[in-house]
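Structure file start18.txt with compact mmCIF, C-alpha atoms:
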```
# COMPACT_ATOMS: atom_id res chain seq x y z
CA MET A 1 11.02 -2.66 -14.84
CA GLU A 2 14.54 -1.89 -13.62
CA PHE A 3 14.21 -0.34 -10.18
CA ALA A 4 16.93 0.43 -7.62
CA GLY A 5 19.13 -2.36 -8.94
CA PHE A 6 16.35 -4.95 -9.16
CA THR A 7 14.38 -6.27 -12.11
CA LEU A 8 10.68 -6.09 -11.25
CA ARG A 9 7.79 -7.90 -12.90
CA ASN A 10 6.25 -4.55 -13.85
CA ASN A 11 5.92 -0.94 -12.73
CA LEU A 12 3.06 -1.49 -10.27
CA PHE A 13 3.78 -0.80 -6.60
CA VAL A 14 1.83 -1.54 -3.42
CA ALA A 15 1.76 1.55 -1.22
CA PRO A 16 2.86 1.09 2.39
CA MET A 17 -0.21 1.30 4.64
CA ALA A 18 -0.11 0.99 8.42
CA GLY A 19 -2.22 -1.93 9.59
CA VAL A 20 -2.69 -3.19 6.03
CA THR A 21 0.52 -4.06 4.19
CA ASP A 22 1.61 -6.86 6.48
CA ARG A 23 3.47 -9.83 5.03
CA PRO A 24 0.32 -11.81 4.04
CA PHE A 25 -1.09 -8.81 2.15
CA ARG A 26 2.22 -8.01 0.45
CA GLN A 27 2.65 -11.61 -0.66
CA LEU A 28 -0.89 -11.73 -2.00
CA CYS A 29 -0.52 -8.51 -3.97
CA LYS A 30 2.74 -9.73 -5.50
CA LYS A 31 1.05 -13.01 -6.43
CA MET A 32 -1.80 -11.05 -8.00
CA GLY A 33 0.48 -8.92 -10.18
CA ALA A 34 2.29 -6.22 -8.16
CA GLY A 35 5.94 -5.67 -9.02
CA LEU A 36 6.94 -4.43 -5.57
CA ALA A 37 5.22 -4.12 -2.18
CA VAL A 38 6.57 -1.80 0.52
CA SER A 39 6.16 -2.84 4.14
CA GLU A 40 4.26 -1.03 6.85
CA MET A 41 6.44 1.67 8.35
CA VAL A 42 8.79 0.56 11.10
CA THR A 43 9.63 3.06 13.82
CA SER A 44 13.15 4.41 14.06
CA ASN A 45 12.90 4.24 17.86
CA SER A 46 15.29 1.44 18.79
CA LEU A 47 13.46 0.93 22.09
CA LEU A 48 10.59 -0.56 20.10
CA TYR A 49 12.60 -3.06 18.06
CA GLY A 50 11.65 -5.82 20.46
CA SER A 51 7.89 -5.16 20.51
CA ALA A 52 5.62 -7.80 19.03
CA LYS A 53 4.18 -5.33 16.51
CA THR A 54 7.60 -4.21 15.29
CA LEU A 55 8.89 -7.78 15.06
CA ARG A 56 5.87 -8.74 12.94
CA ARG A 57 6.37 -5.75 10.68
CA ALA A 58 9.99 -6.78 10.18
CA ASN A 59 9.08 -10.40 9.41
CA HIS A 60 9.83 -11.18 5.75
CA THR A 61 10.15 -14.97 5.93
CA GLY A 62 9.41 -16.50 2.54
CA GLU A 63 8.56 -13.16 0.96
CA VAL A 64 9.16 -12.65 -2.76
CA GLU A 65 12.17 -10.40 -3.29
CA PRO A 66 13.03 -7.58 -3.37
CA ILE A 67 12.10 -6.80 0.21
CA SER A 68 11.40 -3.10 0.75
CA VAL A 69 11.06 -1.84 4.33
CA GLN A 70 9.77 1.61 5.18
CA ILE A 71 11.18 3.46 8.17
CA ALA A 72 9.78 6.57 9.86
CA GLY A 73 11.25 9.11 12.24
CA ALA A 74 12.63 12.61 12.56
CA ASP A 75 16.12 12.15 14.00
CA PRO A 76 18.88 11.56 11.41
CA LYS A 77 20.99 9.37 13.71
CA MET A 78 18.07 7.20 14.76
CA MET A 79 16.89 6.87 11.17
CA ALA A 80 20.37 5.77 10.15
CA GLU A 81 20.38 3.16 12.92
CA ALA A 82 16.93 1.97 11.89
CA ALA A 83 18.10 1.56 8.30
CA LYS A 84 21.11 -0.52 9.38
CA HIS A 85 18.96 -2.60 11.72
CA ASN A 86 16.49 -3.47 8.98
CA VAL A 87 19.19 -4.23 6.41
CA ASP A 88 20.78 -6.58 8.93
CA ASN A 89 17.39 -8.27 9.22
CA GLY A 90 16.76 -8.81 5.52
CA ALA A 91 15.70 -5.49 3.99
CA GLN A 92 16.99 -5.10 0.43
CA ILE A 93 15.53 -1.63 -0.10
CA ILE A 94 15.02 1.03 2.57
CA ASP A 95 12.09 3.38 1.99
CA ILE A 96 11.78 6.58 4.02
CA ASN A 97 8.34 7.80 5.05
CA MET A 98 7.75 11.50 4.51
CA GLY A 99 4.18 11.06 3.34
CA CYS A 100 2.13 9.82 6.28
CA PRO A 101 -0.43 12.51 7.27
CA ALA A 102 -1.55 10.92 10.56
CA LYS A 103 -1.55 13.32 13.52
CA LYS A 104 0.31 10.95 15.82
CA VAL A 105 3.12 10.74 13.26
CA CYS A 106 3.19 14.41 12.29
CA ASN A 107 3.02 15.53 15.92
CA VAL A 108 6.48 14.03 16.48
CA MET A 109 7.71 15.77 13.30
CA ALA A 110 7.85 12.54 11.30
CA GLY A 111 5.99 11.55 8.14
CA SER A 112 4.78 14.44 5.97
CA ALA A 113 5.52 16.97 8.73
CA LEU A 114 9.17 16.75 7.68
CA MET A 115 8.34 18.50 4.42
CA GLN A 116 8.14 21.74 6.41
CA HIS A 117 11.86 21.46 7.22
CA GLU A 118 13.88 20.97 4.06
CA GLN A 119 17.24 21.19 5.81
CA LEU A 120 16.26 18.38 8.17
CA VAL A 121 15.03 16.36 5.18
CA GLY A 122 18.49 16.63 3.67
CA GLU A 123 20.17 15.64 6.92
CA ILE A 124 17.96 12.56 7.32
CA LEU A 125 18.49 11.44 3.72
CA ASP A 126 22.25 11.93 3.94
CA ALA A 127 22.39 9.97 7.19
CA VAL A 128 20.34 7.04 5.93
CA VAL A 129 22.07 6.76 2.56
CA GLY A 130 25.45 6.96 4.30
CA ALA A 131 24.48 4.31 6.84
CA VAL A 132 23.59 1.67 4.24
CA PRO A 133 25.86 2.44 1.28
CA ASN A 134 25.26 -0.93 -0.39
CA THR A 135 21.48 -0.81 -0.09
CA PRO A 136 19.24 1.37 -2.28
CA VAL A 137 17.20 3.97 -0.43
CA THR A 138 13.90 5.35 -1.74
CA LEU A 139 11.62 8.13 -0.49
CA LYS A 140 7.85 8.59 -0.35
CA PHE A 141 6.36 12.05 0.20
CA ARG A 142 3.43 14.30 -0.72
CA THR A 143 3.09 17.34 -2.93
CA GLY A 144 3.66 19.57 0.10
CA TRP A 145 2.44 20.49 3.57
CA ASN A 146 -0.52 22.51 2.29
CA ILE A 147 -1.78 24.07 -0.93
CA ALA A 148 0.29 27.21 -0.36
CA ASN A 149 3.46 25.20 0.20
CA LYS A 150 3.81 22.59 -2.52
CA ASN A 151 7.52 21.97 -2.20
CA ALA A 152 7.66 18.47 -3.68
CA PRO A 153 10.02 19.73 -6.44
CA ASN A 154 12.51 20.95 -3.82
CA ILE A 155 12.25 17.70 -1.85
CA ALA A 156 12.82 15.68 -5.01
CA ARG A 157 15.97 17.63 -5.87
CA ILE A 158 17.27 17.23 -2.32
CA ALA A 159 16.56 13.51 -2.54
CA GLU A 160 18.40 13.07 -5.82
CA SER A 161 21.41 15.01 -4.51
CA ALA A 162 21.49 12.80 -1.39
CA GLY A 163 21.67 9.61 -3.43
CA ILE A 164 18.04 8.52 -3.13
CA ARG A 165 17.38 5.97 -5.88
CA ALA A 166 13.68 6.65 -6.51
CA VAL A 167 10.80 8.74 -5.20
CA ALA A 168 7.07 8.05 -4.84
CA ILE A 169 4.76 11.05 -4.64
CA HIS A 170 1.17 11.12 -3.39
CA GLY A 171 -0.80 13.75 -5.29
CA ARG A 172 -2.16 15.48 -2.19
CA THR A 173 -0.72 17.76 0.48
CA ARG A 174 -0.55 16.72 4.10
CA CYS A 175 -3.41 19.05 5.01
CA GLN A 176 -5.64 17.39 2.41
CA GLN A 177 -5.14 14.02 4.13
CA TYR A 178 -7.13 11.73 1.79
CA THR A 179 -9.90 14.21 0.94
CA GLY A 180 -10.70 15.70 -2.43
CA GLU A 181 -9.06 14.45 -5.59
CA ALA A 182 -5.38 13.76 -6.12
CA GLU A 183 -3.65 16.07 -8.60
CA TYR A 184 -0.89 14.94 -10.92
CA ASP A 185 0.54 18.20 -12.30
CA THR A 186 3.03 18.43 -9.44
CA ILE A 187 4.17 14.86 -10.05
CA ALA A 188 4.56 15.61 -13.76
CA TYR A 189 6.68 18.67 -12.95
CA VAL A 190 8.91 16.70 -10.56
CA LYS A 191 9.46 14.12 -13.31
CA THR A 192 10.99 16.85 -15.50
CA LEU A 193 13.42 17.88 -12.74
CA VAL A 194 15.08 14.62 -11.70
CA LYS A 195 16.64 11.66 -13.43
CA ILE A 196 15.76 9.08 -10.79
CA PRO A 197 12.51 7.06 -11.16
CA VAL A 198 9.32 8.83 -10.09
CA ILE A 199 6.32 6.76 -8.96
CA ALA A 200 2.87 8.37 -8.99
CA ASN A 201 0.42 7.66 -6.16
CA GLY A 202 -3.13 8.74 -5.33
CA ASP A 203 -6.64 7.78 -6.49
CA ILE A 204 -5.50 5.06 -8.88
CA THR A 205 -8.53 2.78 -8.73
CA THR A 206 -8.93 1.28 -12.20
CA PRO A 207 -6.76 0.08 -15.08
CA GLU A 208 -7.89 3.07 -17.15
CA LYS A 209 -6.92 5.47 -14.35
CA ALA A 210 -3.47 3.86 -14.10
CA ARG A 211 -2.94 4.39 -17.84
CA HIS A 212 -4.15 8.00 -17.55
CA VAL A 213 -1.82 8.80 -14.64
CA LEU A 214 1.18 7.31 -16.40
CA ASP A 215 0.37 9.33 -19.51
CA VAL A 216 -0.22 12.70 -17.83
CA THR A 217 2.70 12.50 -15.39
CA GLY A 218 5.31 10.67 -17.43
CA ALA A 219 5.96 8.71 -14.22
CA ASP A 220 7.94 5.50 -14.31
CA GLY A 221 5.31 3.58 -12.36
CA VAL A 222 2.17 3.84 -10.27
CA MET A 223 1.66 3.09 -6.59
CA ILE A 224 -1.70 1.78 -5.40
CA GLY A 225 -2.92 1.77 -1.81
CA ARG A 226 -6.52 1.93 -0.63
CA ALA A 227 -7.96 0.69 -3.94
CA ALA A 228 -6.26 -2.68 -3.40
CA GLN A 229 -7.87 -3.27 0.00
CA GLY A 230 -10.24 -6.17 -0.58
CA ARG A 231 -9.30 -6.11 -4.24
CA PRO A 232 -5.73 -7.42 -4.63
CA TRP A 233 -6.50 -8.69 -8.14
CA LEU A 234 -6.54 -5.02 -9.23
CA PHE A 235 -2.82 -5.39 -9.96
CA ARG A 236 -3.29 -8.13 -12.54
CA GLU A 237 -6.14 -6.16 -14.11
CA ILE A 238 -3.90 -3.11 -14.47
CA GLU A 239 -0.96 -5.20 -15.69
CA HIS A 240 -3.15 -6.79 -18.38
CA TYR A 241 -4.62 -3.45 -19.47
CA LEU A 242 -1.23 -1.73 -19.72
CA LYS A 243 0.10 -4.60 -21.85
CA THR A 244 -2.90 -5.14 -24.12
CA GLY A 245 -5.13 -2.08 -23.94
CA GLU A 246 -8.00 -4.40 -23.12
CA LYS A 247 -9.84 -4.97 -19.85
CA MET A 248 -9.77 -8.40 -18.23
CA ALA A 249 -13.02 -10.22 -17.66
CA PRO A 250 -14.14 -9.76 -14.02
CA ALA A 251 -13.06 -12.47 -11.62
CA PRO A 252 -15.81 -15.00 -10.89
CA VAL A 253 -17.21 -15.17 -7.38
CA ALA A 254 -15.73 -18.64 -6.90
CA GLU A 255 -12.20 -17.36 -7.54
CA ILE A 256 -12.62 -14.41 -5.18
CA HIS A 257 -13.90 -16.82 -2.54
CA ALA A 258 -10.74 -18.91 -2.95
CA ILE A 259 -8.48 -15.85 -2.83
CA LEU A 260 -10.08 -14.65 0.40
CA MET A 261 -9.95 -18.06 2.08
CA ALA A 262 -6.25 -18.43 1.26
CA HIS A 263 -5.66 -14.90 2.57
CA LEU A 264 -7.37 -15.81 5.84
CA VAL A 265 -5.17 -18.89 6.29
CA ASP A 266 -2.07 -16.71 5.90
CA LEU A 267 -3.40 -14.17 8.40
CA TYR A 268 -4.13 -16.86 11.01
CA ASP A 269 -0.66 -18.35 10.52
CA PHE A 270 1.06 -14.96 10.68
CA TYR A 271 -0.74 -13.42 13.66
CA GLY A 272 -1.85 -16.49 15.58
CA LEU A 273 -5.48 -17.49 15.93
CA ASP A 274 -6.72 -14.87 18.41
CA THR A 275 -5.17 -11.82 16.75
CA GLY A 276 -5.63 -13.34 13.32
CA VAL A 277 -9.41 -13.44 13.72
CA LYS A 278 -9.46 -9.75 14.65
CA VAL A 279 -7.18 -8.67 11.80
CA ALA A 280 -9.14 -10.81 9.35
CA ARG A 281 -12.37 -8.94 10.09
CA LYS A 282 -11.28 -5.77 8.34
CA HIS A 283 -10.06 -7.68 5.29
CA ILE A 284 -13.33 -9.62 5.04
CA SER A 285 -15.16 -6.31 5.31
CA TRP A 286 -13.11 -4.83 2.47
CA TYR A 287 -13.68 -7.87 0.24
CA THR A 288 -17.45 -7.60 0.70
CA LYS A 289 -18.00 -3.84 1.06
CA GLY A 290 -20.78 -2.60 -1.17
CA LEU A 291 -21.91 -6.04 -2.29
CA ILE A 292 -25.63 -6.58 -2.57
CA GLY A 293 -26.82 -8.33 0.58
CA SER A 294 -23.50 -8.06 2.42
CA ALA A 295 -24.34 -5.61 5.23
CA ALA A 296 -26.05 -8.19 7.43
CA PHE A 297 -23.22 -10.65 6.83
CA ARG A 298 -20.55 -8.17 7.95
CA LYS A 299 -22.52 -7.24 11.06
CA VAL A 300 -22.66 -10.87 12.16
CA MET A 301 -19.15 -11.72 11.02
CA ASN A 302 -17.65 -8.96 13.17
CA THR A 303 -19.02 -10.67 16.30
CA LEU A 304 -17.65 -14.16 15.58
CA PRO A 305 -14.90 -15.05 18.07
CA THR A 306 -13.16 -18.07 16.50
CA VAL A 307 -11.40 -19.11 13.32
CA GLU A 308 -13.88 -21.90 12.74
CA LEU A 309 -16.93 -19.67 12.96
CA GLN A 310 -15.31 -16.96 10.86
CA ARG A 311 -14.31 -19.36 8.09
CA GLN A 312 -17.75 -21.00 8.15
CA ALA A 313 -19.47 -17.62 7.79
CA VAL A 314 -17.27 -16.62 4.86
CA ASP A 315 -17.80 -19.97 3.15
CA GLU A 316 -21.57 -19.81 3.56
CA PHE A 317 -21.75 -16.23 2.28
CA PHE A 318 -19.68 -16.80 -0.86
CA LEU A 319 -21.14 -20.21 -1.69
CA ARG A 320 -24.63 -18.73 -1.53
CA TYR A 321 -23.48 -15.69 -3.48
CA ALA A 322 -21.96 -17.88 -6.22
CA GLU A 323 -25.28 -19.68 -6.63
CA GLU A 324 -26.99 -16.35 -7.35
CA HIS A 325 -24.28 -14.42 -9.21
CA GLU A 326 -21.36 -15.33 -11.46
CA HIS A 327 -19.60 -12.07 -10.64
CA LEU A 328 -19.72 -9.64 -7.73
CA GLN A 329 -22.75 -7.39 -7.80
CA TYR A 330 -22.73 -4.00 -6.10
CA GLU A 331 -25.56 -1.98 -4.65
CA GLU A 332 -27.20 0.64 -6.87
CA ASN A 333 -25.26 -0.58 -9.91
CA LYS A 334 -22.01 0.76 -8.50
CA THR A 335 -18.65 -0.54 -9.66
CA GLN A 336 -16.37 -1.95 -7.00
CA GLU A 337 -14.16 1.14 -6.94
CA GLU A 338 -17.26 3.31 -6.41
CA ALA A 339 -18.50 1.02 -3.63
CA LEU A 340 -15.14 1.05 -1.86
CA ALA A 341 -14.92 4.83 -2.07
CA ALA A 342 -18.40 5.29 -0.60
```
Rendering of file as structure tokens:
Amino acid sequence: MEFAGFTLRNNLFVAPMAGVTDRPFRQLCKKMGAGLAVSEMVTSNSLLYGSAKTLRRANHTGEVEPISVQIAGADPKMMAEAAKHNVDNGAQIIDINMGCPAKKVCNVMAGSALMQHEQLVGEILDAVVGAVPNTPVTLKFRTGWNIANKNAPNIARIAESAGIRAVAIHGRTRCQQYTGEAEYDTIAYVKTLVKIPVIANGDITTPEKARHVLDVTGADGVMIGRAAQGRPWLFREIEHYLKTGEKMAPAPVAEIHAILMAHLVDLYDFYGLDTGVKVARKHISWYTKGLIGSAAFRKVMNTLPTVELQRQAVDEFFLRYAEEHEHLQYEENKTQEEALAA
């Protein structure tokens, strides 16, 4: 796929997720079939550039290009400065966050709260595009602030006029958060209004759902977030299905064990041992959520204080699981996407 001046492997995107899409996760998803992975959002507040969290979020050492960095804020000047700062530190694409529904973000008029103020949206986009004229800028937003105010079409037109190179749209309003079902009619309508690429996001959990969303929206690509937590191989499954129309055979337990262990090594290296163990817990939980016999394992695993004990517990669980099952088995005959959504 041609996207913002880059040739991507495909039209599958990893959605930016705070506390999830760190460098190890982005690298893994790209390895497993994603065409592009957007970083966790980086604050536009320059006072925080030196914090350990911000420095980690801006760490792209060894990452497969193109490197897309998401910035968040509500002040046009500060957003422009943040864009320049990140380009100076290796960003090749700047993505602007106008989709985050979190209260702490919306309460400072950032994220999806900006959709209530279309004039300010235009000012921010103009400032950022003008600040980094040689770097493509993209925008992620929602269908609107609430059901009565679905202004995604207006935002998309403002974005195109400002020089935004592509937009990603989550099929929910801010007030819906992540509840209910995503709708795609608004995304389909936006696609008829603008010439820039439109990426569809929301509830894309299976290869068949990805095909359906592409068909009903006419979107240029799909963006996947929560469904890839603990399931990064979803991207290769979707890639295969879109190319062939056939589903891939499920990954054997032994391969998933290897993927998780390699992921843990990257997390320990990236965060350091103490923080790495803590961050790894949520990923291990996602990999095993809903598996038959996994509840007791997760309860114990979350108490283990060291890398050695954590790795040993994961090894023992998956080696035992592989002896009993060739593929992952979920409680009550659920598929993995059903188990993760539960």
Spatial neighbours of Gln70 (chain A), 12 Å, only C-alpha atoms, chain gap at least 4 places, as an MDAnalysis selection string: chainID A and resid 15:18 21:22 37:44 54 57:58 79 82:83 86:87 91:100 111 128 137:140
Selection near Glu326 (chain A), 8 Å with all atoms listed in the file, sequence-local residues under 2 positions removed, as an NGL selection string: :A and (252-254 or 322-324 or 328)
A:Ala34, A:Val64, A:Gly90, A:Ile124 ranked by distance to Trp233 (chain A), top pick (using all atoms listed in the file):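 So, comparing all the options, the nearest one is A:Ala34.
What separates CA of Arg298 (chain A) from CA of Ser285 (chain A) is a distance of 6.3 Å.
The coordinates place CA of Leu114 (chain A) at 25.2 Å from CA of Phe3 (chain A).
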For Ala159 (chain A): contacts at 12 Å, only C-alpha atoms, fewer than 2 positions along chain excluded, given as a ChimeraX atom specification: /A:95-96,98,115,118-129,137-141,152-157,161-168,190,193-198
Which residue of A:Ala113, A:Ala148, A:Ala131, A:Ile259 approaches Lys84 (chain A) most closely, using all atoms listed in the file: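 Among A:Ala113, A:Ala148, A:Ala131, A:Ile259, it is A:Ala131 that comes nearest to Lys84 (chain A).
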Residue nearest Leu319 (chain A) - candidates A:Ala258, A:Val69, A:Val265, A:Ile292, atoms counted: only C-alpha atoms: A:Ala258
Axis-aligned box for all listed atoms of region 314-329 of chain A, 4 Å per side, centre and edges in Å to one decimal, as lines of an AutoDock Vina configuration file:
```
center_x = -22.1
center_y = -13.8
center_z = -3.3
size_x = 17.7
size_y = 20.8
size_z = 24.3
```
Near-Trp286 (chain A) list (7 Å; all atoms listed in the file; drop same-chain fewer than 4 positions) as a PyMOL selection string: chain A and resi 229-230+282
Would you save the residues of that selection, restricted to C-alpha atoms, as a short mmCIF file (atom, residue, chain, number, x, y, z; two decimals), keeping the file's coordinate frame?
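Wrote it out as selection25.cif, contents follow:
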```cif
data_model
loop_
_atom_site.label_atom_id
_atom_site.label_comp_id
_atom_site.auth_asym_id
_atom_site.auth_seq_id
_atom_site.Cartn_x
_atom_site.Cartn_y
_atom_site.Cartn_z
CA GLN A 229 -7.87 -3.27 0.00
CA GLY A 230 -10.24 -6.17 -0.58
CA LYS A 282 -11.28 -5.77 8.34
#
```
Nearest-residue call for Leu267 (chain A), choices A:Lys299, A:Arg56, A:Lys30, A:Arg142, using all atoms listed in the file: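 So, comparing all the options, the nearest one is A:Arg56.
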For Gly62 (chain A), the nearest of the candidates A:His85, A:Phe270, A:Gly290, A:Lys243, counting all atoms listed in the file: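 Result for the nearest residue to Gly62 (chain A): A:Phe270.
Counting all atoms listed in the file, the residue from A:Glu316, A:Asp220, A:Asp88, A:Glu208 that sits nearest to Gly245 (chain A) is A:Glu208.
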Shell of 8 Å around Leu12 (chain A), only C-alpha atoms, local chain residues under 2 positions omitted, as a list in words: Asn10, Val14, Gly33, Ala34, Gly35, Leu36, Gly221, Val222, Met223, Ile224, Phe235 and Glu239 of chain A
Interatomic distance (Å, one decimal) between CA of Val277 (chain A) and CA of Val20 (chain A): 14.5 Å
Protein and nucleic acid residues near (-4.4, 15.0, -9.2) (cut-off 9 Å, only C-alpha atoms) as a ChimeraX atom specification: /A:170-172,181-187,202-203,213
